[in-house]
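Visitor: Please find protein.cif (mmCIF, C-alpha atoms) on the next line:
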data_query
#
loop_
_atom_site.label_atom_id
_atom_site.label_comp_id
_atom_site.auth_asym_id
_atom_site.auth_seq_id
_atom_site.Cartn_x
_atom_site.Cartn_y
_atom_site.Cartn_z
CA MET A 1 -41.96 -48.53 -22.41
CA ILE A 2 -43.03 -46.52 -19.37
CA LYS A 3 -40.23 -45.96 -16.88
CA THR A 4 -40.00 -44.16 -13.58
CA SER A 5 -38.10 -41.43 -15.41
CA ASN A 6 -41.01 -40.76 -17.82
CA HIS A 7 -42.95 -37.52 -17.30
CA LEU A 8 -46.61 -36.90 -17.98
CA SER A 9 -46.14 -33.17 -18.30
CA GLY A 10 -43.58 -30.58 -17.44
CA SER A 11 -41.00 -31.73 -14.85
CA ILE A 12 -43.35 -33.68 -12.55
CA PRO A 13 -42.19 -37.32 -12.16
CA PHE A 14 -44.82 -39.99 -12.81
CA LEU A 15 -43.65 -42.12 -9.91
CA GLU A 16 -42.65 -40.27 -6.73
CA SER A 17 -40.38 -41.52 -3.96
CA LEU A 18 -42.29 -42.70 -0.91
CA LEU A 19 -41.25 -41.08 2.38
CA ARG A 20 -42.26 -43.22 5.33
CA SER A 21 -43.73 -41.33 8.27
CA SER A 22 -41.23 -42.62 10.84
CA PHE A 23 -37.51 -42.14 11.25
CA LEU A 24 -34.95 -44.92 11.24
CA GLU A 25 -33.57 -45.66 14.68
CA ASN A 26 -30.02 -44.77 15.64
CA GLY A 27 -27.96 -47.08 17.83
CA GLU A 28 -27.21 -45.61 21.25
CA PRO A 29 -24.50 -46.65 23.72
CA SER A 30 -25.51 -47.52 27.26
CA THR A 31 -25.05 -44.65 29.72
CA ILE A 32 -24.06 -46.86 32.65
CA PHE A 33 -22.39 -44.21 34.80
CA MET A 34 -25.68 -42.30 35.02
CA LYS A 35 -27.43 -45.39 36.42
CA LEU A 36 -24.95 -46.38 39.11
CA TRP A 37 -24.50 -43.13 41.00
CA GLU A 38 -25.23 -42.52 44.67
CA ALA A 39 -28.51 -40.78 45.54
CA PRO A 40 -28.48 -37.08 44.54
CA ILE A 41 -26.01 -35.14 46.69
CA SER A 42 -27.49 -31.69 46.21
CA GLN A 43 -30.71 -29.77 46.12
CA LYS A 44 -31.76 -26.54 44.45
CA GLY A 45 -30.61 -23.16 45.65
CA TYR A 46 -26.88 -23.79 46.18
CA GLU A 47 -23.89 -23.08 43.95
CA SER A 48 -21.96 -26.07 45.29
CA VAL A 49 -22.61 -28.87 47.76
CA ARG A 50 -20.29 -30.41 50.34
CA ARG A 51 -20.56 -33.72 52.16
CA PRO A 52 -18.45 -34.56 55.22
CA ARG A 53 -16.59 -37.84 55.50
CA LEU A 54 -14.90 -39.32 58.57
CA ASN A 55 -11.78 -41.33 57.87
CA PRO A 56 -11.92 -44.94 59.13
CA MET A 57 -10.33 -45.54 62.53
CA LYS A 58 -7.18 -47.66 62.33
CA THR A 59 -6.40 -48.23 65.99
CA THR A 60 -4.53 -51.52 66.36
CA LEU A 61 -5.20 -54.30 68.84
CA SER A 62 -2.15 -53.41 70.90
CA GLN A 63 -3.17 -49.72 70.97
CA ALA A 64 -6.66 -50.66 72.15
CA THR A 65 -5.42 -52.95 74.92
CA LEU A 66 -6.12 -51.28 78.28
CA THR A 67 -4.22 -51.42 81.57
CA GLU A 68 -6.34 -51.47 84.70
CA GLY A 69 -6.34 -48.10 86.43
CA VAL A 70 -4.50 -46.33 83.58
CA VAL A 71 -6.37 -43.76 81.49
CA PRO A 72 -5.59 -44.41 77.78
CA ASP A 73 -4.58 -41.60 75.45
CA GLY A 74 -7.27 -42.28 72.87
CA HIS A 75 -6.82 -41.62 69.17
CA ASP A 76 -8.00 -38.78 66.96
CA ASN A 77 -9.75 -38.99 63.65
CA THR A 78 -9.87 -36.65 60.65
CA VAL A 79 -12.88 -35.15 58.92
CA SER A 80 -12.59 -34.42 55.22
CA VAL A 81 -15.06 -32.66 52.93
CA VAL A 82 -16.17 -33.73 49.46
CA GLU A 83 -17.40 -30.91 47.25
CA ALA A 84 -19.35 -31.00 44.01
CA THR A 85 -19.64 -27.86 41.87
CA PRO A 86 -22.24 -28.27 39.12
CA VAL A 87 -21.63 -27.09 35.57
CA LEU A 88 -24.21 -25.69 33.16
CA LEU A 89 -24.76 -27.93 30.13
CA GLY A 90 -27.09 -27.55 27.16
CA ASP A 91 -27.71 -27.63 23.43
CA TYR A 92 -30.45 -26.84 20.92
CA THR A 93 -31.42 -27.19 17.25
CA LYS A 94 -33.13 -24.80 14.84
CA ILE A 95 -35.89 -26.21 12.62
CA SER A 96 -37.18 -24.33 9.59
CA ASP A 97 -40.90 -23.83 9.01
CA LEU A 98 -40.69 -25.49 5.61
CA MET A 99 -39.10 -28.59 7.13
CA SER A 100 -41.93 -28.85 9.62
CA MET A 101 -44.89 -27.95 7.41
CA GLU A 102 -44.08 -29.74 4.16
CA THR A 103 -42.66 -33.05 5.40
CA LEU A 104 -44.78 -36.03 6.41
CA VAL A 105 -42.63 -36.88 9.43
CA ASP A 106 -42.71 -35.35 12.91
CA ILE A 107 -39.26 -33.78 12.74
CA ILE A 108 -39.65 -31.89 16.03
CA SER A 109 -40.36 -34.89 18.27
CA ALA A 110 -37.76 -37.01 16.44
CA GLN A 111 -35.06 -34.37 16.91
CA GLY A 112 -36.13 -34.01 20.54
CA LYS A 113 -35.34 -37.71 21.03
CA GLU A 114 -31.88 -37.28 19.46
CA LEU A 115 -31.15 -34.28 21.70
CA TYR A 116 -32.24 -36.31 24.74
CA ASN A 117 -29.94 -39.19 23.81
CA ASN A 118 -27.06 -36.77 23.26
CA ALA A 119 -27.73 -35.15 26.65
CA LYS A 120 -27.47 -38.55 28.36
CA ARG A 121 -24.13 -39.24 26.66
CA ILE A 122 -22.78 -35.80 27.63
CA ILE A 123 -23.80 -36.17 31.29
CA ASP A 124 -22.39 -39.71 31.34
CA GLU A 125 -19.09 -38.37 29.96
CA HIS A 126 -19.01 -35.58 32.55
CA ILE A 127 -19.17 -38.22 35.31
CA GLN A 128 -16.29 -40.10 33.69
CA ASP A 129 -14.23 -36.90 33.39
CA THR A 130 -14.67 -36.34 37.13
CA LEU A 131 -13.53 -39.86 37.99
CA GLU A 132 -10.65 -39.83 35.49
CA SER A 133 -9.24 -36.50 36.70
CA ASP A 134 -9.47 -37.25 40.44
CA THR A 135 -6.00 -38.30 41.62
CA ASN A 136 -7.49 -40.08 44.66
CA VAL A 137 -8.85 -42.89 42.48
CA PRO A 138 -6.64 -46.02 42.80
CA VAL A 139 -5.23 -47.20 39.45
CA MET A 140 -4.03 -50.62 38.28
CA TYR A 141 -2.31 -51.24 34.94
CA ALA A 142 -2.45 -54.20 32.57
CA GLY A 143 0.58 -56.39 32.12
CA THR A 144 3.78 -55.25 33.79
CA ALA A 145 3.19 -51.51 33.22
CA THR A 146 3.50 -49.22 36.23
CA ALA A 147 2.32 -46.08 34.43
CA ARG A 148 -0.11 -45.21 31.67
CA ASP A 149 2.54 -44.37 29.09
CA GLU A 150 4.27 -47.72 29.68
CA LEU A 151 1.34 -49.76 28.33
CA THR A 152 2.30 -51.85 25.31
CA SER A 153 0.10 -53.35 22.60
CA SER A 154 0.04 -56.66 24.50
CA ASP A 155 -1.15 -55.06 27.77
CA VAL A 156 -4.86 -55.85 27.37
CA MET A 157 -7.68 -56.74 29.76
CA THR A 158 -7.56 -60.14 31.44
CA LEU A 159 -9.49 -62.04 34.07
CA ASP A 160 -6.53 -61.64 36.43
CA LEU A 161 -6.60 -57.83 36.23
CA VAL A 162 -10.36 -57.67 36.83
CA THR A 163 -10.22 -60.01 39.83
CA LYS A 164 -7.27 -58.01 41.15
CA GLY A 165 -9.45 -54.89 41.15
CA VAL A 166 -12.36 -56.78 42.73
CA THR A 167 -10.02 -58.16 45.39
CA PHE A 168 -8.79 -54.66 46.19
CA LEU A 169 -12.36 -53.45 46.78
CA THR A 170 -13.23 -56.54 48.81
CA VAL A 171 -10.29 -55.85 51.12
CA GLN A 172 -11.62 -52.31 51.66
CA GLY A 173 -14.87 -53.66 53.04
CA VAL A 174 -17.31 -56.47 52.33
CA THR A 175 -20.58 -55.48 50.69
CA ASN A 176 -23.79 -57.44 50.25
CA GLU A 177 -24.06 -56.29 46.64
CA LYS A 178 -22.03 -57.42 43.67
CA PHE A 179 -19.29 -55.12 42.43
CA LYS A 180 -19.89 -53.44 39.08
CA VAL A 181 -17.31 -53.68 36.29
CA ILE A 182 -17.83 -51.15 33.48
CA MET A 183 -15.79 -51.73 30.35
CA HIS A 184 -15.73 -50.85 26.66
CA PRO A 185 -16.92 -53.60 24.26
CA SER A 186 -13.44 -53.69 22.70
CA VAL A 187 -11.97 -54.38 26.14
CA PHE A 188 -14.58 -57.08 26.78
CA ARG A 189 -13.41 -58.88 23.65
CA ASP A 190 -9.89 -59.03 25.07
CA PHE A 191 -11.32 -60.15 28.42
CA CYS A 192 -13.20 -63.00 26.72
CA LYS A 193 -10.10 -63.99 24.74
CA SER A 194 -8.24 -64.38 28.03
CA GLY A 195 -10.80 -67.08 28.81
CA SER A 196 -9.39 -69.23 25.99
CA THR A 197 -6.52 -70.07 28.34
CA ASN A 198 -8.76 -70.25 31.40
CA GLU A 199 -11.29 -73.09 31.30
CA TRP A 200 -13.28 -71.72 34.26
CA LEU A 201 -13.79 -68.26 32.72
CA ASN A 202 -14.57 -69.74 29.34
CA ARG A 203 -17.28 -71.92 30.88
CA VAL A 204 -18.77 -69.05 32.91
CA ILE A 205 -19.01 -66.83 29.81
CA TYR A 206 -20.66 -69.63 27.86
CA ASP A 207 -23.19 -70.46 30.60
CA ASN A 208 -24.08 -66.92 31.74
CA TYR A 209 -24.13 -64.86 28.58
CA GLN A 210 -27.72 -63.95 27.70
CA GLY A 211 -27.21 -60.91 25.49
CA ILE A 212 -26.80 -57.28 26.50
CA LYS A 213 -29.66 -55.58 28.35
CA GLU A 214 -29.20 -51.96 29.46
CA GLY A 215 -25.46 -52.56 29.26
CA TYR A 216 -25.55 -55.58 31.60
CA VAL A 217 -23.79 -58.65 30.22
CA MET A 218 -23.26 -61.24 32.94
CA SER A 219 -22.36 -61.99 36.54
CA ILE A 220 -19.12 -63.75 37.42
CA GLU A 221 -18.72 -64.75 41.07
CA ASN A 222 -19.00 -61.47 43.05
CA PHE A 223 -19.04 -58.95 40.20
CA GLU A 224 -21.27 -57.94 37.31
CA ILE A 225 -20.01 -56.80 33.91
CA TYR A 226 -21.55 -53.85 32.06
CA LEU A 227 -20.58 -52.74 28.56
CA SER A 228 -20.78 -49.27 27.05
CA SER A 229 -19.20 -47.81 23.94
CA ASN A 230 -19.58 -44.45 25.71
CA VAL A 231 -16.64 -45.33 28.00
CA LYS A 232 -14.19 -42.52 27.21
CA THR A 233 -10.76 -43.51 25.96
CA VAL A 234 -7.67 -41.40 26.64
CA GLU A 235 -5.12 -40.52 23.97
CA VAL A 236 -1.63 -41.30 25.29
CA THR A 237 1.61 -40.19 23.64
CA PRO A 238 4.67 -41.83 25.23
CA SER A 239 7.94 -39.95 25.16
CA GLY A 240 9.55 -40.80 21.83
CA GLY A 241 6.78 -43.29 21.05
CA THR A 242 3.61 -43.59 18.98
CA ALA A 243 0.29 -42.33 20.32
CA PHE A 244 -2.27 -44.94 21.37
CA LYS A 245 -5.68 -45.19 23.05
CA MET A 246 -5.90 -46.14 26.70
CA TYR A 247 -9.12 -47.91 27.65
CA PRO A 248 -10.22 -47.37 31.26
CA THR A 249 -12.27 -50.06 33.00
CA TYR A 250 -13.97 -49.14 36.28
CA VAL A 251 -14.57 -51.58 39.12
CA LEU A 252 -16.81 -50.01 41.75
CA ARG A 253 -19.49 -50.41 44.36
CA ARG A 254 -22.47 -48.16 44.95
CA GLY A 255 -21.51 -45.04 46.86
CA ALA A 256 -18.22 -44.53 45.00
CA TYR A 257 -19.46 -41.28 43.47
CA GLY A 258 -22.48 -39.03 43.70
CA THR A 259 -24.17 -36.50 41.47
CA SER A 260 -26.48 -33.57 41.72
CA SER A 261 -30.14 -34.21 41.03
CA LEU A 262 -31.25 -34.44 37.40
CA SER A 263 -34.38 -32.49 38.34
CA SER A 264 -32.61 -29.48 36.83
CA LEU A 265 -32.68 -31.13 33.40
CA GLN A 266 -35.18 -29.14 31.36
CA THR A 267 -36.33 -29.34 27.75
CA TYR A 268 -37.39 -26.30 25.75
CA PHE A 269 -39.49 -25.88 22.62
CA LYS A 270 -39.90 -22.41 21.12
CA PRO A 271 -42.52 -22.42 18.34
CA TYR A 272 -42.35 -20.48 15.11
CA GLY A 273 -42.74 -16.76 15.72
CA SER A 274 -41.83 -16.92 19.41
CA ALA A 275 -38.77 -14.75 18.71
CA TRP A 276 -41.08 -11.88 17.67
CA THR A 277 -39.22 -9.32 15.55
CA ALA A 278 -36.11 -11.51 15.47
CA ASP A 279 -38.17 -13.97 13.40
CA PRO A 280 -40.69 -11.71 11.60
CA LEU A 281 -41.86 -14.37 9.13
CA ASN A 282 -42.21 -17.23 11.65
CA GLN A 283 -39.49 -19.25 9.92
CA ILE A 284 -37.61 -20.74 12.85
CA ALA A 285 -38.53 -22.98 15.78
CA THR A 286 -36.04 -24.35 18.29
CA ILE A 287 -35.93 -27.40 20.53
CA GLY A 288 -33.24 -27.95 23.16
CA TRP A 289 -32.22 -28.95 26.67
CA LYS A 290 -30.31 -27.51 29.61
CA ALA A 291 -29.03 -29.03 32.86
CA TYR A 292 -27.17 -27.83 35.93
CA PHE A 293 -25.23 -30.94 36.83
CA GLY A 294 -22.38 -31.88 39.15
CA CYS A 295 -20.49 -35.01 40.18
CA ALA A 296 -17.99 -35.81 42.94
CA LEU A 297 -15.96 -38.80 44.09
CA LEU A 298 -17.46 -39.74 47.47
CA ASN A 299 -15.20 -42.60 48.54
CA PRO A 300 -11.95 -43.40 46.69
CA PHE A 301 -11.83 -46.86 48.28
CA PHE A 302 -15.11 -47.85 46.64
CA LEU A 303 -13.61 -47.55 43.17
CA VAL A 304 -10.55 -48.66 41.19
CA ARG A 305 -9.65 -47.83 37.59
CA LEU A 306 -8.01 -50.49 35.43
CA GLU A 307 -6.03 -49.13 32.49
CA SER A 308 -5.25 -51.21 29.43
CA ARG A 309 -4.96 -51.14 25.68
CA SER A 310 -7.09 -53.17 23.29
CA THR A 311 -6.51 -55.36 20.27
CA THR A 312 -9.75 -53.98 18.82
CA ASP A 313 -10.25 -50.27 18.27
CA PHE A 314 -13.82 -49.73 17.09
CA ALA A 315 -15.55 -46.45 17.94
CA TRP A 316 -19.27 -45.63 18.16
CA GLN A 317 -20.71 -44.50 14.80
CA GLU A 318 -17.41 -45.34 13.11
CA THR A 319 -17.37 -45.79 9.34
CA LEU A 320 -15.40 -48.87 8.34
CA ASP A 321 -13.09 -48.63 5.33
#
Just give me the structure of the file as structure tokens.
Guide:
Amino acid sequence: MIKTSNHLSGSIPFLESLLRSSFLENGEPSTIFMKLWEAPISQKGYESVRRPRLNPMKTTLSQATLTEGVVPDGHDNTVSVVEATPVLLGDYTKISDLMSMETLVDIISAQGKELYNNAKRIIDEHIQDTLESDTNVPVMYAGTATARDELTSSDVMTLDLVTKGVTFLTVQGVTNEKFKVIMHPSVFRDFCKSGSTNEWLNRVIYDNYQGIKEGYVMSIENFEIYLSSNVKTVEVTPSGGTAFKMYPTYVLRRGAYGTSSLSSLQTYFKPYGSAWTADPLNQIATIGWKAYFGCALLNPFFLVRLESRSTTDFAWQETLD
């Protein structure tokens, strides 16, 4: 009997393994925060960029009522400044000459794609870090909690909490665009479960759901829902309690935050031997990226963060037991 383990001579297998000439695709989370920013707030040649903002006038009707022949006092306004200081980001990978020359697959271009995807996730996370750390962002909590460390396992996302955030933004000023709601898929599951006790929401989800495209899921009344497993959770350790993950959900309108231009994002490929005497046998090539990127909260009343826990706790690229 001839088997795949039989040898014709020496140690050379009779039947070799076939290596296909293309890589398997990795799943990638949607980088929603990169897509919803305000137009670039900076240009080249500056270490940081500032944008002025006038506070809204809040003169009342009685204060604006004039008396004939009497000069009114008038009312002042305040100018504030929003500043964005970019940070330098980057990464690279070394590729051996043997890996490139002897394999049938294009390892360099494939690894370039993985570096690009990783760069998008990193930049997307940097935007979230800026919004999460800014104390000017209004916060609402699930359930009856009044602080992050008071959230219990039952304090999950509901239709009521989302519409509360949307209502808050609507009160700040009507917009002709739909508000954007960015949530983690685990949070969306809890949101959908809240529809089991709400016939209207349950019907809307059933009628409008058409799959996920670029993170977009569906529109409900005056807001659109986007999902991304790249939404960063926060580890919370209550005093005397057990640590848990807090899931932030962002309700926002365009203009809530701005970024520096991504024109500074550059990719680099250094071929074998480009290091001269540091690589005398032309054994190493590198491929990488670098970006000078900044983000700033432009208007705190165009954004609200909803904080909740989740009954589901899956993570991207998680191995299930």
Visitor: Taking into account only C-alpha atoms, which residue in the set A:Glu125, A:Lys94, A:Pro52, A:Val105 is nearest to Val79 of chain A?
Guide: A:Pro52
Visitor: So how many Å separate atom CA of Gln266 of chain A and atom CA of Phe293 of chain A, to one decimal?
Guide: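 So the answer is 11.5 Å.
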Visitor: Just how far from atom CA of Asn230 of chain A is atom CA of Phe168 of chain A, in Å to one decimal?
Guide: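 Distance between the two atoms: 25.3 Å.
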Visitor: Give the answer as one residue: which of A:Lys113, A:Arg189, A:Arg309, A:Lys180 has the shortest atom-to-atom distance to Arg253 of chain A, using all atoms listed in the file?
Guide: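 Of the candidates, the smallest distance to Arg253 of chain A is held by A:Lys180.
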Visitor: Given the choices A:Gln283, A:Asn176, A:Thr31, A:Thr233, which gets closest to Arg121 of chain A if the distance is worked out from only C-alpha atoms?
Guide: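 Among A:Gln283, A:Asn176, A:Thr31, A:Thr233, it is A:Thr31 that comes nearest to Arg121 of chain A.
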Visitor: Might you pull out every residue within 10 Å of Thr59 of chain A, with all atoms listed in the file counted and same-chain residues fewer than 6 positions away left off, and present them as a PDB file with C-alpha atoms, keeping the file's coordinate frame?
Guide:
ATOM      1  CA  GLY A  74      -7.270 -42.280  72.870  1.00  0.00           C
ATOM      2  CA  HIS A  75      -6.820 -41.620  69.170  1.00  0.00           C
ATOM      3  CA  ASP A  76      -8.000 -38.780  66.960  1.00  0.00           C
TER       4      ASP A  76
END
Visitor: Please, what distance in Å, to one decimal, runs between atom CA of His184 of chain A and atom CA of Ser228 of chain A?
Guide: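 For atom CA of His184 of chain A relative to atom CA of Ser228 of chain A, the distance reads 5.3 Å.
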Visitor: Could you give me, as a ChimeraX atom specification, the residues that have an atom at most 8 Å away from the point (-20.8, -45.8, 45.8) in the coordinates of the file, using only C-alpha atoms?
Guide: /A:36-38,252-258,298-299,302-303
Visitor: Evaluate the PyMOL selection byres ((chain A and resi 134) around 12) on the structure here and hand back the selected residues as an NGL selection string.
Guide: :A and (82 or 127-133 or 135-139 or 257 or 295-300 or 303-305)
Visitor: Might you pull out every residue within 8 Å of Tyr268 of chain A, with only C-alpha atoms counted and same-chain residues fewer than 4 positions away left off, and present them as a list of chain:residue names?
Guide: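 Counting only C-alpha atoms, the residues come to A:Thr286, A:Ile287, A:Gly288, A:Trp289.
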Visitor: The PyMOL selection byres ((chain A and resi 185) around 12) - which residues does that actually catch in the file I just gave you? List them as a PyMOL selection string.
Guide: chain A and resi 29-30+157+182-184+186-192+212+215-217+225-233+247-249+310-316
Visitor: Taking all atoms listed in the file into account, which of A:Leu159, A:Ile32, A:Ala84, A:Leu89 comes nearest Arg51 of chain A?
Guide: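 Of A:Leu159, A:Ile32, A:Ala84, A:Leu89, the one nearest Arg51 of chain A is A:Ala84, counting all atoms listed in the file.
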Visitor: Go through A:Ser219, A:Asp91, A:Ala119, A:Arg148 one by one, measure the shortest atom-to-atom distance of each to Ser239 of chain A using all atoms listed in the file, and give the residue with the smallest value.
Guide: A:Arg148
Visitor: Which residue, A:Val166, A:Lys290, A:Thr237, A:Ala110, has the smallest gap to Leu265 of chain A when you use only C-alpha atoms?
Guide: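 Closest to Leu265 of chain A, using only C-alpha atoms: A:Lys290.
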Visitor: Centre and edge lengths, as lines of an AutoDock Vina configuration file, for the axis-aligned box enclosing every listed atom of segment 245-254 of chain A with 4 Å of padding on each of the six sides, in Å to one decimal?
Guide:
center_x = -14.1
center_y = -48.4
center_z = 34.0
size_x = 24.8
size_y = 14.4
size_z = 29.9
Visitor: Starting from the shown file, work through the PyMOL selection byres ((chain A and resi 178) around 6) and note down what comes out as a PyMOL selection string.
Guide: chain A and resi 177+179+222-223
Visitor: Could you take the residues named above and write them with C-alpha atoms, as an mmCIF file, in the frame of the given file?
Guide:
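Dumped to selection-v2.cif:
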data_model
loop_
_atom_site.group_PDB
_atom_site.id
_atom_site.type_symbol
_atom_site.label_atom_id
_atom_site.label_comp_id
_atom_site.auth_asym_id
_atom_site.auth_seq_id
_atom_site.Cartn_x
_atom_site.Cartn_y
_atom_site.Cartn_z
ATOM 1 C CA GLU A 177 -24.060 -56.290 46.640
ATOM 2 C CA PHE A 179 -19.290 -55.120 42.430
ATOM 3 C CA ASN A 222 -19.000 -61.470 43.050
ATOM 4 C CA PHE A 223 -19.040 -58.950 40.200
#
Visitor: For N, CA and C atoms, please extract segment 129-143 of chain A from the block and return it as a short mmCIF file (atom, residue, chain, number, x, y, z; two decimals), in the first residue's frame.
Guide:
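Generated output (part_19.cif):
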data_model
loop_
_atom_site.label_atom_id
_atom_site.label_comp_id
_atom_site.auth_asym_id
_atom_site.auth_seq_id
_atom_site.Cartn_x
_atom_site.Cartn_y
_atom_site.Cartn_z
N ASP A 129 -9.84 57.40 23.14
CA ASP A 129 -9.14 57.81 24.36
C ASP A 129 -9.33 59.29 24.63
N THR A 130 -9.30 60.09 23.56
CA THR A 130 -9.49 61.54 23.70
C THR A 130 -10.88 61.85 24.23
N LEU A 131 -11.90 61.19 23.67
CA LEU A 131 -13.27 61.44 24.08
C LEU A 131 -13.56 60.90 25.48
N GLU A 132 -12.92 59.77 25.83
CA GLU A 132 -13.17 59.15 27.13
C GLU A 132 -12.52 59.95 28.26
N SER A 133 -11.37 60.57 27.97
CA SER A 133 -10.63 61.27 29.02
C SER A 133 -11.08 62.72 29.19
N ASP A 134 -11.84 63.25 28.24
CA ASP A 134 -12.27 64.65 28.32
C ASP A 134 -13.44 64.76 29.30
N THR A 135 -13.24 65.50 30.38
CA THR A 135 -14.27 65.63 31.42
C THR A 135 -15.44 66.51 31.00
N ASN A 136 -15.34 67.17 29.84
CA ASN A 136 -16.44 68.01 29.36
C ASN A 136 -17.53 67.21 28.66
N VAL A 137 -17.26 65.94 28.38
CA VAL A 137 -18.25 65.11 27.70
C VAL A 137 -19.36 64.73 28.68
N PRO A 138 -20.63 65.03 28.37
CA PRO A 138 -21.74 64.64 29.25
C PRO A 138 -21.85 63.11 29.32
N VAL A 139 -22.19 62.59 30.50
CA VAL A 139 -22.27 61.14 30.71
C VAL A 139 -23.62 60.78 31.30
N MET A 140 -24.21 59.71 30.78
CA MET A 140 -25.43 59.13 31.34
C MET A 140 -25.17 57.67 31.66
N TYR A 141 -25.76 57.17 32.75
CA TYR A 141 -25.51 55.81 33.20
C TYR A 141 -26.76 54.95 33.07
N ALA A 142 -26.54 53.66 32.83
CA ALA A 142 -27.66 52.73 32.72
C ALA A 142 -28.27 52.49 34.09
N GLY A 143 -29.55 52.12 34.09
CA GLY A 143 -30.23 51.81 35.33
C GLY A 143 -30.34 53.00 36.25
#
